[in-house]
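Below: structure_9.cif (mmCIF, C-alpha atoms and all ligand atoms)
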```cif
data_my_file
loop_
_atom_site.label_atom_id
_atom_site.label_comp_id
_atom_site.auth_asym_id
_atom_site.auth_seq_id
_atom_site.Cartn_x
_atom_site.Cartn_y
_atom_site.Cartn_z
CA MET A 3 0.00 0.00 0.00
CA GLY A 4 1.44 3.33 -1.05
CA LEU A 5 1.58 6.53 0.86
CA SER A 6 -1.22 9.04 0.50
CA LEU A 7 -0.42 12.69 1.03
CA GLN A 8 -2.76 15.52 1.83
CA ALA A 9 -1.33 18.98 1.45
CA SER A 10 -4.03 21.22 2.82
CA ALA A 11 -7.39 21.48 4.55
CA GLU A 12 -10.54 20.71 2.59
CA PRO A 13 -13.21 23.37 3.19
CA GLY A 14 -16.02 21.17 1.89
CA ARG A 15 -15.33 18.39 4.36
CA SER A 16 -14.96 20.78 7.26
CA MET A 17 -18.35 22.26 6.49
CA ILE A 18 -19.92 18.82 6.28
CA MET A 19 -18.47 18.07 9.71
CA SER A 20 -19.84 21.37 10.99
CA SER A 21 -23.31 20.46 9.77
CA LEU A 22 -23.08 17.04 11.43
CA LEU A 23 -22.05 18.68 14.68
CA LEU A 24 -25.07 20.96 14.43
CA ILE A 25 -27.37 18.01 13.92
CA ARG A 26 -25.89 16.16 16.87
CA THR A 27 -26.20 18.99 19.37
CA PRO A 28 -28.39 18.01 22.35
CA LEU A 29 -32.08 18.79 22.43
CA ASN A 30 -33.07 22.14 23.88
CA GLY A 31 -36.71 22.07 22.96
CA GLY A 32 -38.30 21.25 19.60
CA GLY A 33 -37.95 24.77 18.19
CA GLY A 34 -34.23 25.01 18.85
CA ARG A 35 -33.56 21.62 17.33
CA ALA A 36 -35.62 22.44 14.25
CA VAL A 37 -33.64 25.63 13.68
CA ARG A 38 -30.35 23.78 14.06
CA LEU A 39 -31.48 21.03 11.68
CA ALA A 40 -32.50 23.58 9.07
CA LEU A 41 -29.22 25.45 9.38
CA ALA A 42 -27.27 22.22 9.23
CA GLY A 43 -29.11 21.22 6.09
CA VAL A 44 -28.36 24.50 4.37
CA VAL A 45 -24.70 24.42 5.40
CA LEU A 46 -24.42 20.83 4.17
CA LEU A 47 -25.98 21.74 0.82
CA CYS A 48 -23.56 24.61 0.45
CA ALA A 49 -20.65 22.33 1.34
CA VAL A 50 -21.38 19.86 -1.45
CA GLY A 51 -23.39 21.88 -3.89
CA PRO A 52 -22.81 24.48 -6.55
CA CYS A 53 -22.76 27.49 -4.24
CA PHE A 54 -18.93 27.49 -4.41
CA ALA A 55 -17.31 28.76 -7.48
CA GLN A 56 -14.99 31.61 -7.94
CA GLY A 57 -11.39 32.41 -8.70
CA THR A 58 -8.60 30.25 -10.01
CA MET A 59 -6.14 27.98 -8.29
CA VAL A 60 -2.73 26.64 -9.24
CA PHE A 61 -1.56 23.22 -8.08
CA ARG A 62 2.23 23.37 -7.72
CA PHE A 63 3.24 20.06 -6.07
CA GLU A 64 5.85 21.59 -3.77
CA VAL A 65 6.27 18.64 -1.43
CA ALA A 66 9.46 16.70 -2.13
CA PRO A 67 12.79 18.27 -1.14
CA ARG A 68 15.00 19.21 -4.05
CA GLY A 69 16.90 16.25 -5.46
CA THR A 70 14.37 13.72 -4.13
CA GLY A 71 11.20 11.91 -5.16
CA ILE A 72 8.37 10.72 -2.92
CA PRO A 73 6.21 7.84 -4.25
CA VAL A 74 2.56 8.15 -3.27
CA SER A 75 -0.60 6.21 -4.10
CA SER A 76 -2.58 9.46 -4.22
CA TYR A 77 -2.09 13.10 -3.37
CA THR A 78 -4.36 15.95 -2.29
CA GLU A 79 -3.55 19.64 -2.67
CA SER A 80 -6.03 22.38 -1.72
CA GLY A 81 -8.90 19.92 -1.92
CA MET A 82 -8.04 18.49 -5.36
CA HIS A 83 -7.35 14.75 -5.35
CA PHE A 84 -4.76 13.30 -7.72
CA TRP A 85 -4.41 9.59 -8.32
CA ASN A 86 -3.33 7.04 -10.90
CA PRO A 87 -6.39 5.08 -12.11
CA ARG A 88 -4.12 2.16 -12.91
CA GLY A 89 -3.78 1.71 -9.20
CA PRO A 90 -0.64 0.42 -7.59
CA GLN A 91 1.72 2.15 -9.99
CA GLY A 92 0.86 5.38 -8.21
CA LEU A 93 2.50 8.74 -8.53
CA VAL A 94 5.83 10.34 -7.67
CA LEU A 95 6.18 13.82 -6.25
CA LEU A 96 9.55 15.08 -7.50
CA GLY A 97 11.51 17.94 -6.03
CA GLY A 98 13.49 18.85 -9.14
CA GLY A 99 17.25 19.10 -9.36
CA ILE A 100 17.66 15.51 -10.61
CA PRO A 101 19.95 15.56 -13.69
CA ALA A 102 18.08 13.02 -15.87
CA LEU A 103 14.59 14.35 -15.10
CA PRO A 104 12.82 17.51 -16.32
CA GLU A 105 13.57 20.71 -14.49
CA ASN A 106 11.70 23.95 -13.87
CA GLY A 107 13.28 24.90 -10.57
CA THR A 108 10.34 23.61 -8.51
CA GLY A 109 8.59 20.41 -7.48
CA TYR A 110 6.21 18.64 -9.85
CA LEU A 111 4.18 15.44 -10.28
CA CYS A 112 4.94 12.36 -12.38
CA PRO A 113 2.76 9.24 -12.81
CA SER A 114 5.31 6.62 -11.82
CA ALA A 115 4.22 4.07 -14.42
CA GLY A 116 1.54 3.71 -17.02
CA GLY A 117 1.44 7.42 -17.73
CA THR A 118 -2.08 7.88 -16.38
CA LEU A 119 -3.26 10.64 -14.08
CA ALA A 120 -6.72 11.56 -12.83
CA PHE A 121 -7.83 14.48 -10.69
CA SER A 122 -11.12 15.59 -9.20
CA TYR A 123 -12.33 17.52 -6.15
CA ASN A 124 -14.50 14.67 -4.93
CA THR A 125 -16.16 11.47 -6.00
CA SER A 126 -19.70 10.43 -6.76
CA PRO A 127 -22.42 11.21 -5.85
CA PHE A 128 -21.22 14.77 -5.20
CA HIS A 129 -19.52 16.38 -8.17
CA THR A 130 -17.76 19.70 -7.78
CA PHE A 131 -17.33 21.35 -11.14
CA PHE A 132 -14.32 23.35 -12.24
CA GLY A 133 -12.64 24.53 -15.43
CA LEU A 134 -9.31 23.26 -16.68
CA VAL A 135 -7.38 26.38 -17.73
CA SER A 136 -3.84 25.13 -18.38
CA PHE A 137 -0.96 22.96 -17.20
CA ASP A 138 2.76 22.63 -17.78
CA LEU A 139 4.04 19.39 -19.30
CA ALA A 140 7.39 17.77 -19.88
CA GLU A 141 8.52 14.40 -21.05
CA SER A 142 9.39 12.06 -18.23
CA GLY A 143 13.16 11.73 -18.55
CA THR A 144 16.14 12.33 -20.79
CA ASN A 145 16.34 8.58 -21.39
CA LEU A 146 12.93 8.75 -23.15
CA PRO A 147 13.63 11.14 -26.04
CA GLY A 148 11.06 12.53 -28.43
CA PRO A 149 7.63 14.12 -28.19
CA VAL A 150 4.90 12.56 -26.07
CA THR A 151 1.19 12.61 -26.94
CA LEU A 152 -1.26 13.02 -24.09
CA HIS A 153 -4.92 12.19 -24.44
CA VAL A 154 -6.87 14.49 -22.11
CA VAL A 155 -10.41 13.43 -21.18
CA ALA A 156 -12.74 15.66 -19.17
CA TYR A 157 -16.07 14.57 -17.67
CA GLY A 158 -18.92 17.03 -17.31
CA GLY A 159 -22.56 16.92 -16.29
CA GLN A 160 -25.21 14.83 -18.04
CA GLY A 161 -22.66 12.40 -19.46
CA LEU A 162 -20.68 15.06 -21.32
CA VAL A 163 -17.16 13.91 -22.26
CA VAL A 164 -14.65 16.35 -23.75
CA THR A 165 -11.32 15.21 -25.17
CA ASP A 166 -8.19 16.79 -26.55
CA ASP A 167 -4.76 15.54 -27.55
CA VAL A 168 -1.64 17.54 -26.77
CA ILE A 169 1.87 16.79 -27.98
CA THR A 170 5.01 17.85 -26.16
CA ASP A 171 7.95 19.35 -28.04
CA GLY A 172 10.35 16.54 -27.17
CA ILE A 173 12.82 18.95 -25.57
CA ASN A 174 14.06 17.69 -22.23
CA ASP A 175 17.67 18.00 -21.18
CA GLY A 176 17.04 17.53 -17.46
CA THR A 177 18.94 20.09 -15.40
CA GLY A 178 20.57 21.38 -18.60
CA PRO A 179 19.75 24.92 -19.81
CA LEU A 180 16.85 24.08 -22.15
CA GLU A 181 13.22 24.70 -21.17
CA ASP A 182 11.78 21.28 -20.40
CA PHE A 183 8.22 22.21 -19.43
CA GLU A 184 5.81 23.94 -21.80
CA THR A 185 2.35 25.34 -21.04
CA PHE A 186 -0.79 23.96 -22.69
CA ASN A 187 -3.99 26.03 -22.53
CA PHE A 188 -7.52 24.67 -22.67
CA GLY A 189 -10.55 26.48 -23.97
CA THR A 190 -14.12 26.89 -22.86
CA ARG A 191 -14.93 23.28 -23.74
CA PHE A 192 -13.15 22.34 -20.50
CA ALA A 193 -14.85 25.05 -18.46
CA ASN A 194 -17.41 22.99 -16.52
CA VAL A 195 -16.12 19.51 -15.71
CA TYR A 196 -15.69 17.49 -12.55
CA ARG A 197 -12.87 15.10 -13.43
CA ILE A 198 -9.85 15.06 -15.74
CA ASP A 199 -8.06 11.91 -16.92
CA ILE A 200 -4.75 12.08 -18.79
CA PHE A 201 -3.52 9.06 -20.73
CA SER A 202 -0.04 8.92 -22.17
CA ASP A 203 3.33 7.33 -21.99
CA ARG A 204 5.53 8.83 -19.33
CA PHE A 205 5.13 12.52 -18.60
CA SER A 206 5.62 15.12 -15.87
CA ILE A 207 3.10 17.81 -14.98
CA ASP A 208 3.16 21.02 -12.94
CA ASN A 209 1.24 24.26 -12.40
CA ILE A 210 -2.22 22.90 -13.13
CA VAL A 211 -4.52 25.94 -13.25
CA VAL A 212 -8.25 25.47 -12.67
CA SER A 213 -11.10 27.95 -12.47
CA GLY A 214 -14.30 27.80 -10.46
CA VAL A 215 -12.41 26.91 -7.30
CA PRO A 216 -14.67 25.52 -4.58
CA GLU A 217 -14.71 27.85 -1.62
CA PRO A 218 -17.09 28.18 1.30
CA SER A 219 -19.57 30.72 0.03
CA ALA A 220 -20.15 33.85 2.06
CA SER A 221 -23.73 32.78 2.67
CA ALA A 222 -22.67 29.40 4.00
CA LEU A 223 -20.15 30.98 6.34
CA ALA A 224 -22.78 33.47 7.52
CA LEU A 225 -25.18 30.63 8.22
CA LEU A 226 -22.49 28.74 10.06
CA GLY A 227 -21.82 31.82 12.18
CA ALA A 228 -25.53 32.21 12.88
CA ALA A 229 -25.73 28.57 13.91
CA CYS A 230 -22.83 29.03 16.32
CA ALA A 231 -24.49 32.14 17.74
CA LEU A 232 -27.73 30.24 18.27
CA TRP A 233 -25.92 27.43 20.03
CA SER A 234 -23.83 29.65 22.27
CA GLY A 235 -26.87 31.75 23.18
CA ARG A 236 -29.21 28.87 23.99
CA PRO A 237 -31.06 28.91 27.34
CA ASN A 238 -29.51 26.88 30.12
CA ARG A 239 -32.20 24.47 31.24
CA ARG A 240 -30.08 22.03 33.20
CA ARG A 241 -31.97 20.49 36.05
CA HIS A 242 -30.46 20.48 39.49
CA ALA A 243 -31.09 17.70 41.94
CA CA B 301 5.92 23.14 -9.07
CA CA B 302 16.29 21.69 -18.78
#
```
Whole structure, structure tokens version:
Amino acid sequence: MGLSLQASAEPGRSMIMSSLLLIRTPLNGGGGRAVRLALAGVVLLCAVGPCFAQGTMVFRFEVAPRGTGIPVSSYTESGMHFWNPRGPQGLVLLGGGIPALPENGTGYLCPSAGGTLAFSYNTSPFHTFFGLVSFDLAESGTNLPGPVTLHVVAYGGQGLVVTDDVITDGINDGTGPLEDFETFNFGTRFANVYRIDIFSDRFSIDNIVVSGVPEPSASALALLGAACALWSGRPNRRRHA
């Protein structure tokens, strides 16, 4: 079993936990419990539903120290889950600075075998939609010369599947002076999807930019605050013997 890394907190999950805590608070009369249940329901809906969606985010994979690689079975950064659908081959988080591997001065991600990568904010039945804006690609190593073709598959609502093929330039001299990574941009066809799969031979990827980043909406946070205020201000009806 490989290692699974999680790089940051996941706002959606924390809000789900908050809603569960609201539901589980002790009874203080039917009215109070009804209010808390309603608030919990709204917060839960906002945690998993479409009331997030603004801004862009860049996934940079800055985990492994320079000159090292960390094999993982999956990886989570800012709520986005990355995994290799082919299973046990997993992924490698590379720190850069390795002579035979591509170099951009930072850490990056490489499917360790099979050349397959998938990423998504969450799994069924709750889909969080985002837009794929761009990513940086390089071939996997200087011992694998020549361009690499990547088949990019995006899954949207109502069974929509969007595909595109991108081809790298074949330039990869490791820590030599040439630019190994190049940026590929994606258009509006990839603007509202919930999962991306990339199929290829070996490749390295960095600086994945997505739009429609899930964030706790202002309304959900306001409701959460109101729920906390209700709970802290509840009447004390403890019975004394
Ligand atoms: Ca990076
Ligand atoms: Ca180079």
* Do you have the CA of Ile72 (chain A)-CA of Gly98 (chain A) distance handy? ->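 Between CA of Ile72 (chain A) and CA of Gly98 (chain A) the gap works out to 11.4 Å.
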* For Arg191 (chain A), which residue among A:Trp85, A:Phe61, A:Tyr157, A:Phe121 is the nearest when counting all atoms listed in the file? -> A:Tyr157
* Nearest to Asn174 (chain A), chosen from A:Ala120, A:Cys112, A:Leu93, A:Leu139, with only C-alpha atoms counted in the distances -> A:Leu139
* Asked: Which residues form the shell of 6 Å around ligand CA 301 (chain B) when you count all atoms listed in the file, given as a list in words?
  ->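 Answer in the requested format: Arg62, Phe63, Glu64, Thr108, Gly109, Tyr110, Asp208 and Asn209 of chain A.
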* Please identify every polymer residue within 10 Å of ligand CA 302 (chain B), using all atoms listed in the file, and present the set as a VMD selection string. => chain A and resid 99 101 to 107 140 144 173 to 183
Atoms kept (C-alpha atoms) for selection, written as a PDB file, in the frame of the given file:
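Final file, part04.pdb:
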```
ATOM      1  CA  GLY A  99      17.250  19.100  -9.360  1.00  0.00           C
ATOM      2  CA  PRO A 101      19.950  15.560 -13.690  1.00  0.00           C
ATOM      3  CA  ALA A 102      18.080  13.020 -15.870  1.00  0.00           C
ATOM      4  CA  LEU A 103      14.590  14.350 -15.100  1.00  0.00           C
ATOM      5  CA  PRO A 104      12.820  17.510 -16.320  1.00  0.00           C
ATOM      6  CA  GLU A 105      13.570  20.710 -14.490  1.00  0.00           C
ATOM      7  CA  ASN A 106      11.700  23.950 -13.870  1.00  0.00           C
ATOM      8  CA  GLY A 107      13.280  24.900 -10.570  1.00  0.00           C
ATOM      9  CA  ALA A 140       7.390  17.770 -19.880  1.00  0.00           C
ATOM     10  CA  THR A 144      16.140  12.330 -20.790  1.00  0.00           C
ATOM     11  CA  ILE A 173      12.820  18.950 -25.570  1.00  0.00           C
ATOM     12  CA  ASN A 174      14.060  17.690 -22.230  1.00  0.00           C
ATOM     13  CA  ASP A 175      17.670  18.000 -21.180  1.00  0.00           C
ATOM     14  CA  GLY A 176      17.040  17.530 -17.460  1.00  0.00           C
ATOM     15  CA  THR A 177      18.940  20.090 -15.400  1.00  0.00           C
ATOM     16  CA  GLY A 178      20.570  21.380 -18.600  1.00  0.00           C
ATOM     17  CA  PRO A 179      19.750  24.920 -19.810  1.00  0.00           C
ATOM     18  CA  LEU A 180      16.850  24.080 -22.150  1.00  0.00           C
ATOM     19  CA  GLU A 181      13.220  24.700 -21.170  1.00  0.00           C
ATOM     20  CA  ASP A 182      11.780  21.280 -20.400  1.00  0.00           C
ATOM     21  CA  PHE A 183       8.220  22.210 -19.430  1.00  0.00           C
TER      22      PHE A 183
END
```
* Nearest to Thr151 (chain A): which of A:Arg88, A:Arg68, A:Arg204, A:His83 is it, counting all atoms listed in the file? ->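 For Thr151 (chain A), the nearest of the given residues is A:Arg204.
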* For the point (-2.7, 9.9, -8.2) in the file's frame, write as a PyMOL selection string all residues with an atom no more than 10 Å away, counting only C-alpha atoms. => chain A and resi 6-7+73-78+83-95+111-114+118-121
Serialized selection, C-alpha atoms, as a tab-separated table (two decimals), in the coordinates of the input:
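The file below, selection07.tsv, is the result:
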```tsv
chain	number	residue	atom	x	y	z
A	6	SER	CA	-1.22	9.04	0.50
A	7	LEU	CA	-0.42	12.69	1.03
A	73	PRO	CA	6.21	7.84	-4.25
A	74	VAL	CA	2.56	8.15	-3.27
A	75	SER	CA	-0.60	6.21	-4.10
A	76	SER	CA	-2.58	9.46	-4.22
A	77	TYR	CA	-2.09	13.10	-3.37
A	78	THR	CA	-4.36	15.95	-2.29
A	83	HIS	CA	-7.35	14.75	-5.35
A	84	PHE	CA	-4.76	13.30	-7.72
A	85	TRP	CA	-4.41	9.59	-8.32
A	86	ASN	CA	-3.33	7.04	-10.90
A	87	PRO	CA	-6.39	5.08	-12.11
A	88	ARG	CA	-4.12	2.16	-12.91
A	89	GLY	CA	-3.78	1.71	-9.20
A	90	PRO	CA	-0.64	0.42	-7.59
A	91	GLN	CA	1.72	2.15	-9.99
A	92	GLY	CA	0.86	5.38	-8.21
A	93	LEU	CA	2.50	8.74	-8.53
A	94	VAL	CA	5.83	10.34	-7.67
A	95	LEU	CA	6.18	13.82	-6.25
A	111	LEU	CA	4.18	15.44	-10.28
A	112	CYS	CA	4.94	12.36	-12.38
A	113	PRO	CA	2.76	9.24	-12.81
A	114	SER	CA	5.31	6.62	-11.82
A	118	THR	CA	-2.08	7.88	-16.38
A	119	LEU	CA	-3.26	10.64	-14.08
A	120	ALA	CA	-6.72	11.56	-12.83
A	121	PHE	CA	-7.83	14.48	-10.69
```
Can you rebuild region 89-108 of chain A with N, CA and C atoms and give it as a short mmCIF file (atom, residue, chain, number, x, y, z; two decimals), keeping the file's coordinate frame?
```
data_model
loop_
_atom_site.label_atom_id
_atom_site.label_comp_id
_atom_site.auth_asym_id
_atom_site.auth_seq_id
_atom_site.Cartn_x
_atom_site.Cartn_y
_atom_site.Cartn_z
N GLY A 89 -3.91 2.28 -10.53
CA GLY A 89 -3.78 1.71 -9.20
C GLY A 89 -2.37 1.70 -8.64
N PRO A 90 -1.83 0.53 -8.42
CA PRO A 90 -0.64 0.42 -7.59
C PRO A 90 0.59 1.12 -8.16
N GLN A 91 0.54 1.47 -9.47
CA GLN A 91 1.72 2.15 -9.99
C GLN A 91 1.92 3.51 -9.32
N GLY A 92 0.80 4.15 -8.98
CA GLY A 92 0.86 5.38 -8.21
C GLY A 92 1.48 6.57 -8.92
N LEU A 93 1.95 7.47 -8.09
CA LEU A 93 2.50 8.74 -8.53
C LEU A 93 3.82 8.99 -7.82
N VAL A 94 4.61 9.90 -8.36
CA VAL A 94 5.83 10.34 -7.67
C VAL A 94 5.83 11.85 -7.61
N LEU A 95 5.98 12.38 -6.41
CA LEU A 95 6.18 13.82 -6.25
C LEU A 95 7.68 14.06 -6.31
N LEU A 96 8.12 14.84 -7.30
CA LEU A 96 9.55 15.08 -7.50
C LEU A 96 9.90 16.50 -7.08
N GLY A 97 11.09 16.63 -6.53
CA GLY A 97 11.51 17.94 -6.03
C GLY A 97 12.35 18.74 -7.00
N GLY A 98 12.62 18.17 -8.19
CA GLY A 98 13.49 18.85 -9.14
C GLY A 98 14.96 18.68 -8.76
N GLY A 99 15.83 19.18 -9.65
CA GLY A 99 17.25 19.10 -9.36
C GLY A 99 17.85 17.72 -9.56
N ILE A 100 17.16 16.85 -10.32
CA ILE A 100 17.66 15.51 -10.61
C ILE A 100 18.11 15.52 -12.08
N PRO A 101 19.38 15.29 -12.35
CA PRO A 101 19.95 15.56 -13.69
C PRO A 101 19.18 14.93 -14.85
N ALA A 102 18.70 13.71 -14.74
CA ALA A 102 18.08 13.02 -15.87
C ALA A 102 16.58 13.30 -15.98
N LEU A 103 16.03 14.10 -15.09
CA LEU A 103 14.59 14.35 -15.10
C LEU A 103 14.31 15.82 -15.42
N PRO A 104 13.10 16.12 -15.94
CA PRO A 104 12.82 17.51 -16.32
C PRO A 104 12.97 18.47 -15.15
N GLU A 105 13.22 19.72 -15.51
CA GLU A 105 13.57 20.71 -14.49
C GLU A 105 12.87 22.03 -14.78
N ASN A 106 12.21 22.58 -13.75
CA ASN A 106 11.70 23.95 -13.87
C ASN A 106 11.98 24.74 -12.59
N GLY A 107 12.88 24.21 -11.78
CA GLY A 107 13.28 24.90 -10.57
C GLY A 107 12.34 24.68 -9.40
N THR A 108 11.29 23.85 -9.59
CA THR A 108 10.34 23.61 -8.51
C THR A 108 9.99 22.12 -8.47
#
```
